[in-house]
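Enquirer: The structure file work_35.tsv (TSV, C-alpha atoms) is provided below.
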chain	number	residue	atom	x	y	z
A	1	MET	CA	-6.71	-31.56	-28.61
A	2	ASN	CA	-7.13	-30.69	-24.96
A	3	ALA	CA	-4.45	-28.14	-24.17
A	4	GLU	CA	-5.27	-26.30	-20.97
A	5	VAL	CA	-3.54	-23.38	-19.36
A	6	ALA	CA	-4.81	-22.55	-15.86
A	7	GLU	CA	-6.50	-19.34	-16.91
A	8	VAL	CA	-7.37	-20.20	-20.53
A	9	GLN	CA	-9.08	-23.39	-21.71
A	10	ALA	CA	-8.48	-24.41	-25.33
A	11	PHE	CA	-10.11	-27.44	-26.94
A	12	LEU	CA	-11.55	-28.82	-30.16
A	13	ASP	CA	-15.36	-28.89	-30.42
A	14	GLY	CA	-16.41	-30.31	-33.79
A	15	GLY	CA	-14.80	-28.03	-36.35
A	16	VAL	CA	-14.37	-25.20	-33.85
A	17	GLY	CA	-11.43	-24.30	-31.67
A	18	ARG	CA	-12.97	-23.17	-28.39
A	19	LEU	CA	-11.20	-20.60	-26.23
A	20	VAL	CA	-12.62	-20.02	-22.75
A	21	LEU	CA	-11.28	-17.25	-20.52
A	22	ASN	CA	-11.20	-18.98	-17.17
A	23	ARG	CA	-10.95	-16.56	-14.27
A	24	PRO	CA	-14.64	-16.26	-13.35
A	25	ARG	CA	-13.99	-14.93	-9.84
A	26	ALA	CA	-12.06	-12.04	-11.40
A	27	LEU	CA	-14.62	-11.55	-14.18
A	28	ASN	CA	-12.09	-13.24	-16.48
A	29	SER	CA	-9.75	-10.23	-16.30
A	30	LEU	CA	-6.72	-10.72	-18.54
A	31	THR	CA	-3.30	-11.54	-17.12
A	32	HIS	CA	-0.09	-11.62	-19.11
A	33	VAL	CA	-0.17	-15.41	-18.89
A	34	MET	CA	-3.63	-15.42	-20.51
A	35	VAL	CA	-2.55	-13.10	-23.32
A	36	THR	CA	0.48	-15.29	-24.03
A	37	ALA	CA	-1.65	-18.45	-24.00
A	38	LEU	CA	-4.25	-16.94	-26.35
A	39	ARG	CA	-1.55	-15.85	-28.79
A	40	ALA	CA	0.25	-19.19	-28.77
A	41	THR	CA	-3.00	-21.11	-29.26
A	42	LEU	CA	-4.21	-18.90	-32.09
A	43	ASP	CA	-0.84	-19.13	-33.84
A	44	GLY	CA	-0.99	-22.92	-33.64
A	45	TRP	CA	-4.60	-23.15	-34.74
A	46	ALA	CA	-4.00	-20.98	-37.81
A	47	ALA	CA	-2.11	-23.91	-39.37
A	48	ASP	CA	-4.27	-26.71	-37.93
A	49	ASP	CA	-6.67	-28.11	-40.53
A	50	ARG	CA	-8.95	-29.51	-37.83
A	51	ILE	CA	-9.73	-25.98	-36.66
A	52	ARG	CA	-12.16	-24.40	-39.11
A	53	ALA	CA	-13.20	-21.48	-36.89
A	54	VAL	CA	-12.48	-20.09	-33.43
A	55	VAL	CA	-15.06	-19.24	-30.74
A	56	LEU	CA	-14.21	-17.14	-27.67
A	57	THR	CA	-16.36	-17.26	-24.52
A	58	GLY	CA	-15.91	-16.51	-20.83
A	59	ALA	CA	-16.29	-18.87	-17.87
A	60	GLY	CA	-19.15	-18.17	-15.49
A	61	GLU	CA	-22.27	-16.12	-16.16
A	62	ARG	CA	-21.10	-12.63	-15.23
A	63	GLY	CA	-19.16	-11.68	-18.30
A	64	LEU	CA	-16.73	-12.41	-21.10
A	65	CYS	CA	-13.93	-10.26	-19.67
A	66	ALA	CA	-13.85	-7.16	-17.46
A	67	GLY	CA	-10.53	-5.98	-18.94
A	68	GLY	CA	-6.90	-6.24	-17.99
A	69	ASP	CA	-5.90	-7.13	-14.45
A	70	ILE	CA	-5.60	-3.51	-13.30
A	71	ARG	CA	-4.74	-4.43	-9.74
A	72	ALA	CA	-1.60	-6.16	-11.06
A	73	MET	CA	-0.88	-3.14	-13.29
A	74	HIS	CA	-1.21	-0.83	-10.27
A	75	ASP	CA	1.32	-2.83	-8.28
A	76	ASP	CA	3.70	-3.11	-11.23
A	77	ALA	CA	3.48	0.60	-12.03
A	78	LYS	CA	4.59	1.41	-8.50
A	79	ALA	CA	7.62	-0.85	-9.11
A	80	GLY	CA	8.59	0.80	-12.40
A	81	GLY	CA	6.09	-0.64	-14.85
A	82	ALA	CA	8.34	-2.92	-16.91
A	83	GLY	CA	5.96	-5.86	-16.61
A	84	THR	CA	2.95	-3.81	-17.68
A	85	ARG	CA	4.77	-2.39	-20.71
A	86	ALA	CA	5.53	-5.96	-21.78
A	87	PHE	CA	1.86	-6.85	-21.18
A	88	PHE	CA	0.71	-3.95	-23.36
A	89	ARG	CA	3.05	-5.00	-26.17
A	90	ASP	CA	1.79	-8.58	-26.19
A	91	GLU	CA	-1.85	-7.62	-25.66
A	92	TYR	CA	-1.94	-5.13	-28.52
A	93	ARG	CA	-0.21	-7.60	-30.84
A	94	LEU	CA	-2.88	-10.13	-29.91
A	95	ASN	CA	-5.59	-7.58	-30.76
A	96	ALA	CA	-4.02	-7.08	-34.19
A	97	LEU	CA	-3.79	-10.84	-34.76
A	98	ILE	CA	-7.47	-11.30	-33.95
A	99	ALA	CA	-8.43	-8.59	-36.45
A	100	ARG	CA	-6.44	-10.30	-39.22
A	101	TYR	CA	-7.08	-13.91	-38.22
A	102	PRO	CA	-7.27	-16.19	-41.27
A	103	LYS	CA	-10.22	-18.22	-39.95
A	104	PRO	CA	-13.63	-17.02	-38.73
A	105	TYR	CA	-13.22	-15.69	-35.17
A	106	VAL	CA	-16.48	-15.61	-33.22
A	107	ALA	CA	-16.65	-13.71	-29.93
A	108	VAL	CA	-19.59	-14.18	-27.56
A	109	MET	CA	-19.71	-10.91	-25.59
A	110	ASP	CA	-22.17	-12.19	-22.99
A	111	GLY	CA	-22.27	-10.14	-19.79
A	112	ILE	CA	-19.56	-7.63	-18.87
A	113	THR	CA	-17.15	-6.95	-21.74
A	114	MET	CA	-14.91	-3.99	-21.01
A	115	GLY	CA	-11.45	-2.68	-21.87
A	116	GLY	CA	-9.20	-5.62	-22.65
A	117	GLY	CA	-12.33	-7.75	-23.06
A	118	VAL	CA	-13.29	-5.54	-25.99
A	119	GLY	CA	-9.80	-6.01	-27.40
A	120	VAL	CA	-10.11	-9.80	-27.60
A	121	SER	CA	-13.66	-9.72	-28.97
A	122	ALA	CA	-14.67	-6.61	-30.91
A	123	HIS	CA	-11.95	-6.98	-33.56
A	124	GLY	CA	-13.19	-10.46	-34.45
A	125	ALA	CA	-15.07	-11.37	-37.61
A	126	VAL	CA	-18.34	-12.21	-35.80
A	127	ARG	CA	-19.26	-10.35	-32.59
A	128	ILE	CA	-22.30	-11.47	-30.61
A	129	VAL	CA	-24.04	-9.67	-27.74
A	130	THR	CA	-26.85	-10.88	-25.48
A	131	GLU	CA	-29.43	-9.17	-23.27
A	132	ARG	CA	-26.86	-9.39	-20.46
A	133	SER	CA	-24.10	-7.59	-22.37
A	134	THR	CA	-22.54	-4.46	-20.91
A	135	VAL	CA	-19.83	-3.16	-23.22
A	136	ALA	CA	-17.55	-0.25	-22.33
A	137	MET	CA	-14.19	1.44	-22.66
A	138	PRO	CA	-14.13	2.98	-19.15
A	139	GLU	CA	-10.42	3.81	-18.98
A	140	THR	CA	-10.73	7.54	-18.23
A	141	ARG	CA	-12.31	6.56	-14.92
A	142	ILE	CA	-8.98	5.06	-13.82
A	143	GLY	CA	-6.67	7.66	-15.29
A	144	ILE	CA	-5.77	6.15	-18.68
A	145	ALA	CA	-7.16	6.38	-22.22
A	146	PRO	CA	-9.07	3.77	-24.25
A	147	ASP	CA	-6.66	1.19	-25.68
A	148	VAL	CA	-6.68	-2.36	-27.19
A	149	GLY	CA	-7.82	-0.78	-30.46
A	150	GLY	CA	-10.87	0.63	-28.67
A	151	SER	CA	-9.99	4.16	-29.70
A	152	ARG	CA	-10.39	3.12	-33.35
A	153	LEU	CA	-13.82	1.63	-32.66
A	154	LEU	CA	-14.87	4.73	-30.74
A	155	ALA	CA	-13.49	7.06	-33.41
A	156	HIS	CA	-15.55	5.37	-36.12
A	157	ALA	CA	-18.82	5.11	-34.17
A	158	PRO	CA	-21.66	7.17	-35.70
A	159	GLY	CA	-21.42	10.91	-35.16
A	160	GLU	CA	-19.89	11.78	-31.80
A	161	LEU	CA	-21.16	8.71	-29.95
A	162	GLY	CA	-17.63	7.38	-29.53
A	163	THR	CA	-16.41	10.69	-28.12
A	164	HIS	CA	-19.21	10.59	-25.57
A	165	LEU	CA	-18.43	7.00	-24.59
A	166	GLY	CA	-14.69	7.59	-24.37
A	167	LEU	CA	-14.76	10.81	-22.35
A	168	SER	CA	-17.60	9.89	-19.99
A	169	ALA	CA	-16.69	6.18	-19.64
A	170	ALA	CA	-20.36	5.32	-20.21
A	171	SER	CA	-21.48	1.74	-20.88
A	172	MET	CA	-23.38	0.31	-23.83
A	173	GLY	CA	-26.17	-2.21	-23.67
A	174	PRO	CA	-26.56	-4.68	-26.55
A	175	GLY	CA	-28.49	-2.30	-28.78
A	176	ASP	CA	-25.95	0.47	-28.29
A	177	ALA	CA	-23.05	-1.93	-28.93
A	178	LEU	CA	-24.60	-2.81	-32.29
A	179	LEU	CA	-25.28	0.85	-33.11
A	180	CYS	CA	-21.72	1.91	-32.27
A	181	GLY	CA	-20.01	-0.86	-34.26
A	182	PHE	CA	-18.76	-2.95	-31.35
A	183	ALA	CA	-21.00	-5.95	-32.21
A	184	ASP	CA	-22.79	-7.53	-35.17
A	185	HIS	CA	-25.55	-9.80	-33.85
A	186	PHE	CA	-27.90	-10.14	-30.89
A	187	VAL	CA	-28.47	-13.68	-29.60
A	188	PRO	CA	-30.42	-14.22	-26.35
A	189	SER	CA	-28.26	-15.83	-23.67
A	190	ARG	CA	-30.62	-18.83	-23.46
A	191	ARG	CA	-29.75	-19.66	-27.08
A	192	ILE	CA	-25.96	-19.48	-26.69
A	193	PRO	CA	-25.47	-23.19	-25.77
A	194	ASP	CA	-27.38	-24.27	-28.88
A	195	LEU	CA	-25.46	-21.75	-30.97
A	196	LEU	CA	-22.13	-23.17	-29.79
A	197	ASP	CA	-23.24	-26.75	-30.50
A	198	ALA	CA	-24.45	-25.80	-33.98
A	199	LEU	CA	-21.20	-23.99	-34.78
A	200	GLY	CA	-19.19	-27.08	-33.88
A	201	ARG	CA	-21.34	-29.33	-36.08
A	202	SER	CA	-21.70	-27.02	-39.08
A	203	THR	CA	-18.01	-26.16	-39.32
A	204	ALA	CA	-17.02	-29.83	-39.07
A	205	THR	CA	-19.11	-30.71	-42.13
A	206	ALA	CA	-18.56	-27.56	-44.21
A	207	PRO	CA	-16.41	-27.78	-47.36
A	208	ASP	CA	-12.78	-27.11	-46.58
A	209	THR	CA	-12.53	-23.54	-47.82
A	210	THR	CA	-12.47	-20.31	-45.84
A	211	THR	CA	-15.48	-19.00	-47.75
A	212	ALA	CA	-17.55	-22.12	-47.11
A	213	VAL	CA	-16.73	-22.15	-43.41
A	214	ALA	CA	-17.51	-18.44	-43.10
A	215	SER	CA	-20.85	-19.05	-44.81
A	216	ALA	CA	-21.62	-21.93	-42.43
A	217	VAL	CA	-20.82	-19.74	-39.42
A	218	ALA	CA	-22.97	-16.92	-40.77
A	219	ALA	CA	-25.90	-19.27	-41.35
A	220	VAL	CA	-25.74	-20.66	-37.82
A	221	VAL	CA	-25.53	-17.20	-36.25
A	222	ALA	CA	-28.42	-15.94	-38.39
A	223	ALA	CA	-30.54	-18.93	-37.32
A	224	HIS	CA	-30.05	-18.10	-33.63
A	225	ALA	CA	-30.08	-14.29	-33.79
A	226	GLU	CA	-33.08	-12.18	-32.86
A	227	PRO	CA	-33.91	-8.47	-33.11
A	228	ALA	CA	-31.84	-6.53	-30.60
A	229	PRO	CA	-33.30	-4.33	-27.86
A	230	PRO	CA	-33.53	-0.64	-28.80
A	231	ALA	CA	-30.32	1.41	-28.73
A	232	ALA	CA	-30.77	4.02	-26.01
A	233	LEU	CA	-28.07	6.21	-27.54
A	234	ALA	CA	-29.94	6.53	-30.84
A	235	ALA	CA	-32.46	8.95	-29.34
A	236	GLN	CA	-29.65	10.95	-27.72
A	237	ARG	CA	-27.73	11.59	-30.92
A	238	PRO	CA	-28.91	15.23	-31.30
A	239	TRP	CA	-27.38	16.52	-28.07
A	240	ILE	CA	-24.41	14.15	-28.18
A	241	ASP	CA	-23.42	15.17	-31.71
A	242	ALA	CA	-23.93	18.87	-31.00
A	243	CYS	CA	-22.03	18.95	-27.71
A	244	TYR	CA	-19.14	16.59	-28.42
A	245	ALA	CA	-18.29	18.17	-31.78
A	246	ALA	CA	-16.49	20.98	-29.91
A	247	ASP	CA	-12.73	21.28	-30.26
A	248	THR	CA	-11.82	21.15	-26.57
A	249	VAL	CA	-13.00	19.23	-23.53
A	250	GLU	CA	-13.77	22.51	-21.76
A	251	GLU	CA	-16.11	23.56	-24.55
A	252	ILE	CA	-17.70	20.08	-24.66
A	253	VAL	CA	-18.45	20.29	-20.93
A	254	ASP	CA	-19.80	23.83	-21.32
A	255	ARG	CA	-22.14	22.74	-24.12
A	256	LEU	CA	-23.31	19.73	-22.10
A	257	LEU	CA	-24.05	21.84	-19.02
A	258	ASN	CA	-25.92	24.47	-21.03
A	259	SER	CA	-27.88	22.16	-23.32
A	260	GLY	CA	-30.87	21.96	-21.04
A	261	VAL	CA	-30.92	18.17	-21.41
A	262	PRO	CA	-30.75	16.25	-18.09
A	263	GLU	CA	-28.77	13.38	-19.66
A	264	ALA	CA	-26.25	15.89	-21.01
A	265	LYS	CA	-25.74	17.38	-17.55
A	266	GLU	CA	-25.13	13.87	-16.19
A	267	ALA	CA	-22.60	13.27	-18.96
A	268	ALA	CA	-20.79	16.51	-18.08
A	269	GLU	CA	-20.59	15.44	-14.45
A	270	ALA	CA	-19.17	12.06	-15.51
A	271	VAL	CA	-16.52	13.71	-17.69
A	272	LEU	CA	-15.54	16.08	-14.88
A	273	ALA	CA	-15.22	13.19	-12.41
A	274	ASN	CA	-12.71	11.38	-14.64
A	275	SER	CA	-8.99	12.10	-14.89
A	276	PRO	CA	-8.59	15.52	-16.55
A	277	THR	CA	-5.35	14.40	-18.20
A	278	ALA	CA	-6.88	11.15	-19.45
A	279	VAL	CA	-9.98	12.93	-20.76
A	280	LYS	CA	-7.99	15.49	-22.72
A	281	THR	CA	-5.63	12.82	-24.04
A	282	THR	CA	-8.59	10.67	-25.07
A	283	LEU	CA	-10.17	13.48	-27.09
A	284	ALA	CA	-6.89	14.08	-28.93
A	285	ALA	CA	-6.39	10.35	-29.49
A	286	LEU	CA	-9.90	9.83	-30.88
A	287	ARG	CA	-9.61	12.76	-33.27
A	288	ARG	CA	-6.28	11.42	-34.52
A	289	ALA	CA	-7.60	7.85	-34.74
A	290	ARG	CA	-10.21	8.99	-37.27
A	291	THR	CA	-7.40	9.79	-39.70
A	292	LEU	CA	-5.04	6.88	-38.99
A	293	PRO	CA	-5.09	4.29	-41.80
A	294	SER	CA	-5.30	1.02	-39.86
A	295	LEU	CA	-5.92	-0.70	-36.56
A	296	GLU	CA	-2.17	-1.29	-36.33
A	297	ALA	CA	-1.46	2.43	-36.56
A	298	VAL	CA	-4.00	3.09	-33.82
A	299	LEU	CA	-2.48	0.40	-31.60
A	300	ASP	CA	0.93	2.04	-32.07
A	301	GLN	CA	-0.58	5.33	-30.85
A	302	GLU	CA	-2.31	3.61	-27.94
A	303	TYR	CA	0.96	2.00	-26.85
A	304	ARG	CA	2.59	5.42	-26.56
A	305	ILE	CA	-0.35	6.75	-24.57
A	306	SER	CA	-0.59	3.75	-22.26
A	307	CYS	CA	3.12	3.77	-21.48
A	308	ALA	CA	3.02	7.50	-20.74
A	309	ALA	CA	0.05	6.92	-18.43
A	310	LEU	CA	1.96	4.15	-16.72
A	311	GLU	CA	4.74	6.62	-15.95
A	312	GLY	CA	2.39	9.29	-14.62
A	313	HIS	CA	0.34	9.79	-11.47
A	314	ASP	CA	-3.29	9.27	-12.45
A	315	MET	CA	-3.33	5.59	-13.38
A	316	VAL	CA	-1.98	4.43	-10.03
A	317	GLU	CA	-4.30	6.85	-8.23
A	318	GLY	CA	-7.34	5.90	-10.31
A	319	VAL	CA	-6.91	2.17	-9.69
A	320	ARG	CA	-6.32	2.87	-6.00
A	321	ALA	CA	-9.57	4.81	-5.74
A	322	GLN	CA	-11.72	2.43	-7.79
A	323	VAL	CA	-10.24	-1.01	-7.03
A	324	ILE	CA	-7.77	-1.02	-4.15
A	325	ASP	CA	-9.27	1.27	-1.49
A	326	LYS	CA	-12.63	1.65	-3.26
A	327	ASP	CA	-13.20	5.10	-1.80
A	328	ARG	CA	-14.26	6.36	-5.27
A	329	ASN	CA	-12.44	9.61	-4.53
A	330	PRO	CA	-9.40	9.86	-6.82
A	331	ARG	CA	-7.05	12.79	-6.30
A	332	TRP	CA	-6.05	13.58	-9.87
A	333	LYS	CA	-2.88	15.55	-10.69
A	334	PRO	CA	-3.50	17.99	-12.33
A	335	GLY	CA	-6.90	18.22	-10.68
A	336	THR	CA	-8.76	20.32	-13.26
A	337	LEU	CA	-9.12	20.49	-17.02
A	338	ALA	CA	-7.70	24.02	-17.07
A	339	GLU	CA	-4.45	22.80	-15.55
A	340	VAL	CA	-3.83	20.20	-18.28
A	341	THR	CA	-1.81	21.89	-21.01
A	342	GLU	CA	-1.40	21.08	-24.68
A	343	ALA	CA	2.18	20.09	-23.87
A	344	ASP	CA	0.91	17.58	-21.31
A	345	VAL	CA	-1.29	15.93	-23.93
A	346	ALA	CA	1.46	16.04	-26.57
A	347	ARG	CA	3.74	14.08	-24.23
A	348	PHE	CA	1.28	11.17	-24.26
A	349	LEU	CA	1.12	11.10	-28.06
A	350	ALA	CA	4.84	11.55	-28.72
A	351	PRO	CA	6.91	8.69	-30.19
A	352	ARG	CA	8.94	6.79	-27.61
A	353	GLU	CA	12.61	6.63	-28.48
A	354	GLY	CA	13.69	3.00	-28.50
A	355	ASP	CA	10.30	1.78	-27.28
A	356	GLU	CA	7.78	1.77	-30.11
A	357	LEU	CA	5.24	-1.00	-30.70
A	358	GLY	CA	5.89	-0.84	-34.44
A	359	LEU	CA	2.85	-2.72	-35.73
A	360	ALA	CA	2.21	-0.29	-38.56
Hey, can you dump this file as structure tokens for me?

Expert:
Amino acid sequence: MNAEVAEVQAFLDGGVGRLVLNRPRALNSLTHVMVTALRATLDGWAADDRIRAVVLTGAGERGLCAGGDIRAMHDDAKAGGAGTRAFFRDEYRLNALIARYPKPYVAVMDGITMGGGVGVSAHGAVRIVTERSTVAMPETRIGIAPDVGGSRLLAHAPGELGTHLGLSAASMGPGDALLCGFADHFVPSRRIPDLLDALGRSTATAPDTTTAVASAVAAVVAAHAEPAPPAALAAQRPWIDACYAADTVEEIVDRLLNSGVPEAKEAAEAVLANSPTAVKTTLAALRRARTLPSLEAVLDQEYRISCAALEGHDMVEGVRAQVIDKDRNPRWKPGTLAEVTEADVARFLAPREGDELGLA
């Protein structure tokens, strides 16, 4: 097997099906073509007896995947957004497939792994970070809310850590990614080549049962894993849990500013710099995601939110400020938290007549 799509490489390596995101100059950002190729390959491999397990990596040394191709989304949104809505539908269905994949799915989250990169990795059975890993759901910085199932991961992180990460768009190092439930194992980057070789060999010789292959994968990962660096967020739990437990973003910001903790003040400034609409929508989405019964139900909610964002002002403006013009000075509308009403947030969460994802 040596099927190759320009932006995704797919090949057999021992008993492993290797998937390599192959846009290193763009930090392997996902295009619709890549999502379609990943889905088609995974569907084919599910019934291929030669493929015992799947391993996802990124080309280059900078990261697994920096997210969706937001420059393309920006341009499409200005033209009506039909292409991006189709991208969201296929991307979220891919995220759900990865979470339910019938064979061990190993994601190597080396380097930058953000947004859509989290979606193709953190729902897998085995999630590996390295000392170079930077993991984040930074969507509020560009005027949208965490998606690709990320709101479920954030909602189920310990205490209010996920609320902090979602509203402030803060990044996690490897220790924090493990603490927050985005990863399972720490493997130093120097050991990744040996890990990949060992996975190919061990899966090729393992007995032909899902349990045996999963055990072989677990043994290889355990043999290469090491203790992770400390989780910086662990020591910050007291002020994070106390401040982010508030019912509204305004009260969260007030608690952060008045906590007397320098890191809390920095977090408040980060929240206030992000899209007020996206921040308020994210808080509502995370609180609802805690009660939704499945990843599929969360993805359905995220589809509604993402499509509503696509039809609004802040996503186009956020991408312009961060990626297109790079002036880092977005002009949000509304421009303050006080101007974002409950009705505004409800519009993002409302079912879309004739345009539901329908995974759940």

Enquirer: Could the residues of stretch 228-341 of chain A that have an atom at most 6 Å from stretch 163-185 of chain A be listed as a tab-separated table, each with its closest atom pair and the distance in Å to one decimal, counting only C-alpha atoms and ordered by chain and ascending residue number?

Expert:
residue	atom	partner	partner_atom	distance
A:Ala228	CA	A:Gly175	CA	5.7
A:Pro229	CA	A:Gly175	CA	5.3
A:Pro230	CA	A:Gly175	CA	5.3
A:Ala231	CA	A:Gly175	CA	4.1
A:Ala270	CA	A:Ser168	CA	5.2
A:Val271	CA	A:Ser168	CA	4.6
A:Val279	CA	A:Leu167	CA	5.5

Enquirer: Within 6 Å of A:Asp69, counting all atoms listed in the file, which residues show up once you throw out same-chain ones fewer than 3 positions away? Write them as a list in words, please.

Expert: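 Non-adjacent residues within range: Ser29, Leu30, Thr31 and Ala72 of chain A.
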
Enquirer: If you count all atoms listed in the file, which residues fall within 8 Å of A:Val120, apart from same-chain ones fewer than 4 positions away, as an MDAnalysis selection string?

Expert: chainID A and resid 94:95 98 107 116 124

Enquirer: In Å, rounded to a single decimal, give me how far atom CA of A:Thr282 is from atom CA of A:Ala145.

Expert: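 Atom-to-atom, atom CA of A:Ala145 to atom CA of A:Thr282, that is 5.3 Å.
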
Enquirer: Take every atom of stretch 315-332 of chain A listed in the file, pad by 4 Å on each side, and give me the axis-aligned box centre and edge lengths in Å, one decimal, as lines of an AutoDock Vina configuration file.

Expert:
center_x = -8.1
center_y = 6.3
center_z = -7.4
size_x = 20.3
size_y = 22.6
size_z = 19.9

Enquirer: Some atoms are missing, so please complete stretch 179-193 of chain A with N, CA, C and O atoms and return it as a PDB file, keeping the file's coordinate frame.

Expert:
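Result file follows (part_9.pdb):
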ATOM      1  N   LEU A 179     -25.225  -0.470 -32.479  1.00  0.00           N
ATOM      2  CA  LEU A 179     -25.280   0.850 -33.110  1.00  0.00           C
ATOM      3  C   LEU A 179     -23.881   1.437 -33.279  1.00  0.00           C
ATOM      4  O   LEU A 179     -23.574   2.034 -34.315  1.00  0.00           O
ATOM      5  N   CYS A 180     -23.040   1.256 -32.293  1.00  0.00           N
ATOM      6  CA  CYS A 180     -21.720   1.910 -32.270  1.00  0.00           C
ATOM      7  C   CYS A 180     -20.629   1.090 -32.961  1.00  0.00           C
ATOM      8  O   CYS A 180     -19.470   1.502 -32.981  1.00  0.00           O
ATOM      9  N   GLY A 181     -20.978  -0.079 -33.502  1.00  0.00           N
ATOM     10  CA  GLY A 181     -20.010  -0.860 -34.260  1.00  0.00           C
ATOM     11  C   GLY A 181     -19.108  -1.752 -33.431  1.00  0.00           C
ATOM     12  O   GLY A 181     -18.074  -2.218 -33.903  1.00  0.00           O
ATOM     13  N   PHE A 182     -19.520  -2.046 -32.194  1.00  0.00           N
ATOM     14  CA  PHE A 182     -18.760  -2.950 -31.350  1.00  0.00           C
ATOM     15  C   PHE A 182     -19.265  -4.394 -31.459  1.00  0.00           C
ATOM     16  O   PHE A 182     -18.624  -5.304 -30.937  1.00  0.00           O
ATOM     17  N   ALA A 183     -20.407  -4.611 -32.084  1.00  0.00           N
ATOM     18  CA  ALA A 183     -21.000  -5.950 -32.210  1.00  0.00           C
ATOM     19  C   ALA A 183     -21.782  -6.034 -33.507  1.00  0.00           C
ATOM     20  O   ALA A 183     -22.096  -5.017 -34.132  1.00  0.00           O
ATOM     21  N   ASP A 184     -22.102  -7.281 -33.895  1.00  0.00           N
ATOM     22  CA  ASP A 184     -22.790  -7.530 -35.170  1.00  0.00           C
ATOM     23  C   ASP A 184     -24.163  -8.167 -35.012  1.00  0.00           C
ATOM     24  O   ASP A 184     -25.040  -7.958 -35.838  1.00  0.00           O
ATOM     25  N   HIS A 185     -24.332  -9.001 -33.957  1.00  0.00           N
ATOM     26  CA  HIS A 185     -25.550  -9.800 -33.850  1.00  0.00           C
ATOM     27  C   HIS A 185     -26.007  -9.852 -32.390  1.00  0.00           C
ATOM     28  O   HIS A 185     -25.192  -9.854 -31.467  1.00  0.00           O
ATOM     29  N   PHE A 186     -27.310  -9.936 -32.208  1.00  0.00           N
ATOM     30  CA  PHE A 186     -27.900 -10.140 -30.890  1.00  0.00           C
ATOM     31  C   PHE A 186     -28.457 -11.557 -30.815  1.00  0.00           C
ATOM     32  O   PHE A 186     -29.291 -11.955 -31.639  1.00  0.00           O
ATOM     33  N   VAL A 187     -27.972 -12.327 -29.851  1.00  0.00           N
ATOM     34  CA  VAL A 187     -28.470 -13.680 -29.600  1.00  0.00           C
ATOM     35  C   VAL A 187     -28.833 -13.763 -28.126  1.00  0.00           C
ATOM     36  O   VAL A 187     -27.986 -13.512 -27.269  1.00  0.00           O
ATOM     37  N   PRO A 188     -30.059 -14.102 -27.775  1.00  0.00           N
ATOM     38  CA  PRO A 188     -30.420 -14.220 -26.350  1.00  0.00           C
ATOM     39  C   PRO A 188     -29.529 -15.238 -25.649  1.00  0.00           C
ATOM     40  O   PRO A 188     -29.135 -16.259 -26.228  1.00  0.00           O
ATOM     41  N   SER A 189     -29.198 -14.965 -24.400  1.00  0.00           N
ATOM     42  CA  SER A 189     -28.260 -15.830 -23.670  1.00  0.00           C
ATOM     43  C   SER A 189     -28.758 -17.268 -23.586  1.00  0.00           C
ATOM     44  O   SER A 189     -27.946 -18.206 -23.599  1.00  0.00           O
ATOM     45  N   ARG A 190     -30.085 -17.477 -23.539  1.00  0.00           N
ATOM     46  CA  ARG A 190     -30.620 -18.830 -23.460  1.00  0.00           C
ATOM     47  C   ARG A 190     -30.316 -19.645 -24.712  1.00  0.00           C
ATOM     48  O   ARG A 190     -30.339 -20.887 -24.683  1.00  0.00           O
ATOM     49  N   ARG A 191     -30.014 -18.971 -25.824  1.00  0.00           N
ATOM     50  CA  ARG A 191     -29.750 -19.660 -27.080  1.00  0.00           C
ATOM     51  C   ARG A 191     -28.256 -19.887 -27.335  1.00  0.00           C
ATOM     52  O   ARG A 191     -27.891 -20.545 -28.318  1.00  0.00           O
ATOM     53  N   ILE A 192     -27.403 -19.351 -26.464  1.00  0.00           N
ATOM     54  CA  ILE A 192     -25.960 -19.480 -26.690  1.00  0.00           C
ATOM     55  C   ILE A 192     -25.499 -20.939 -26.674  1.00  0.00           C
ATOM     56  O   ILE A 192     -24.721 -21.347 -27.548  1.00  0.00           O
ATOM     57  N   PRO A 193     -25.923 -21.796 -25.722  1.00  0.00           N
ATOM     58  CA  PRO A 193     -25.470 -23.190 -25.770  1.00  0.00           C
ATOM     59  C   PRO A 193     -25.808 -23.886 -27.083  1.00  0.00           C
ATOM     60  O   PRO A 193     -24.963 -24.603 -27.650  1.00  0.00           O
TER      61      PRO A 193
END
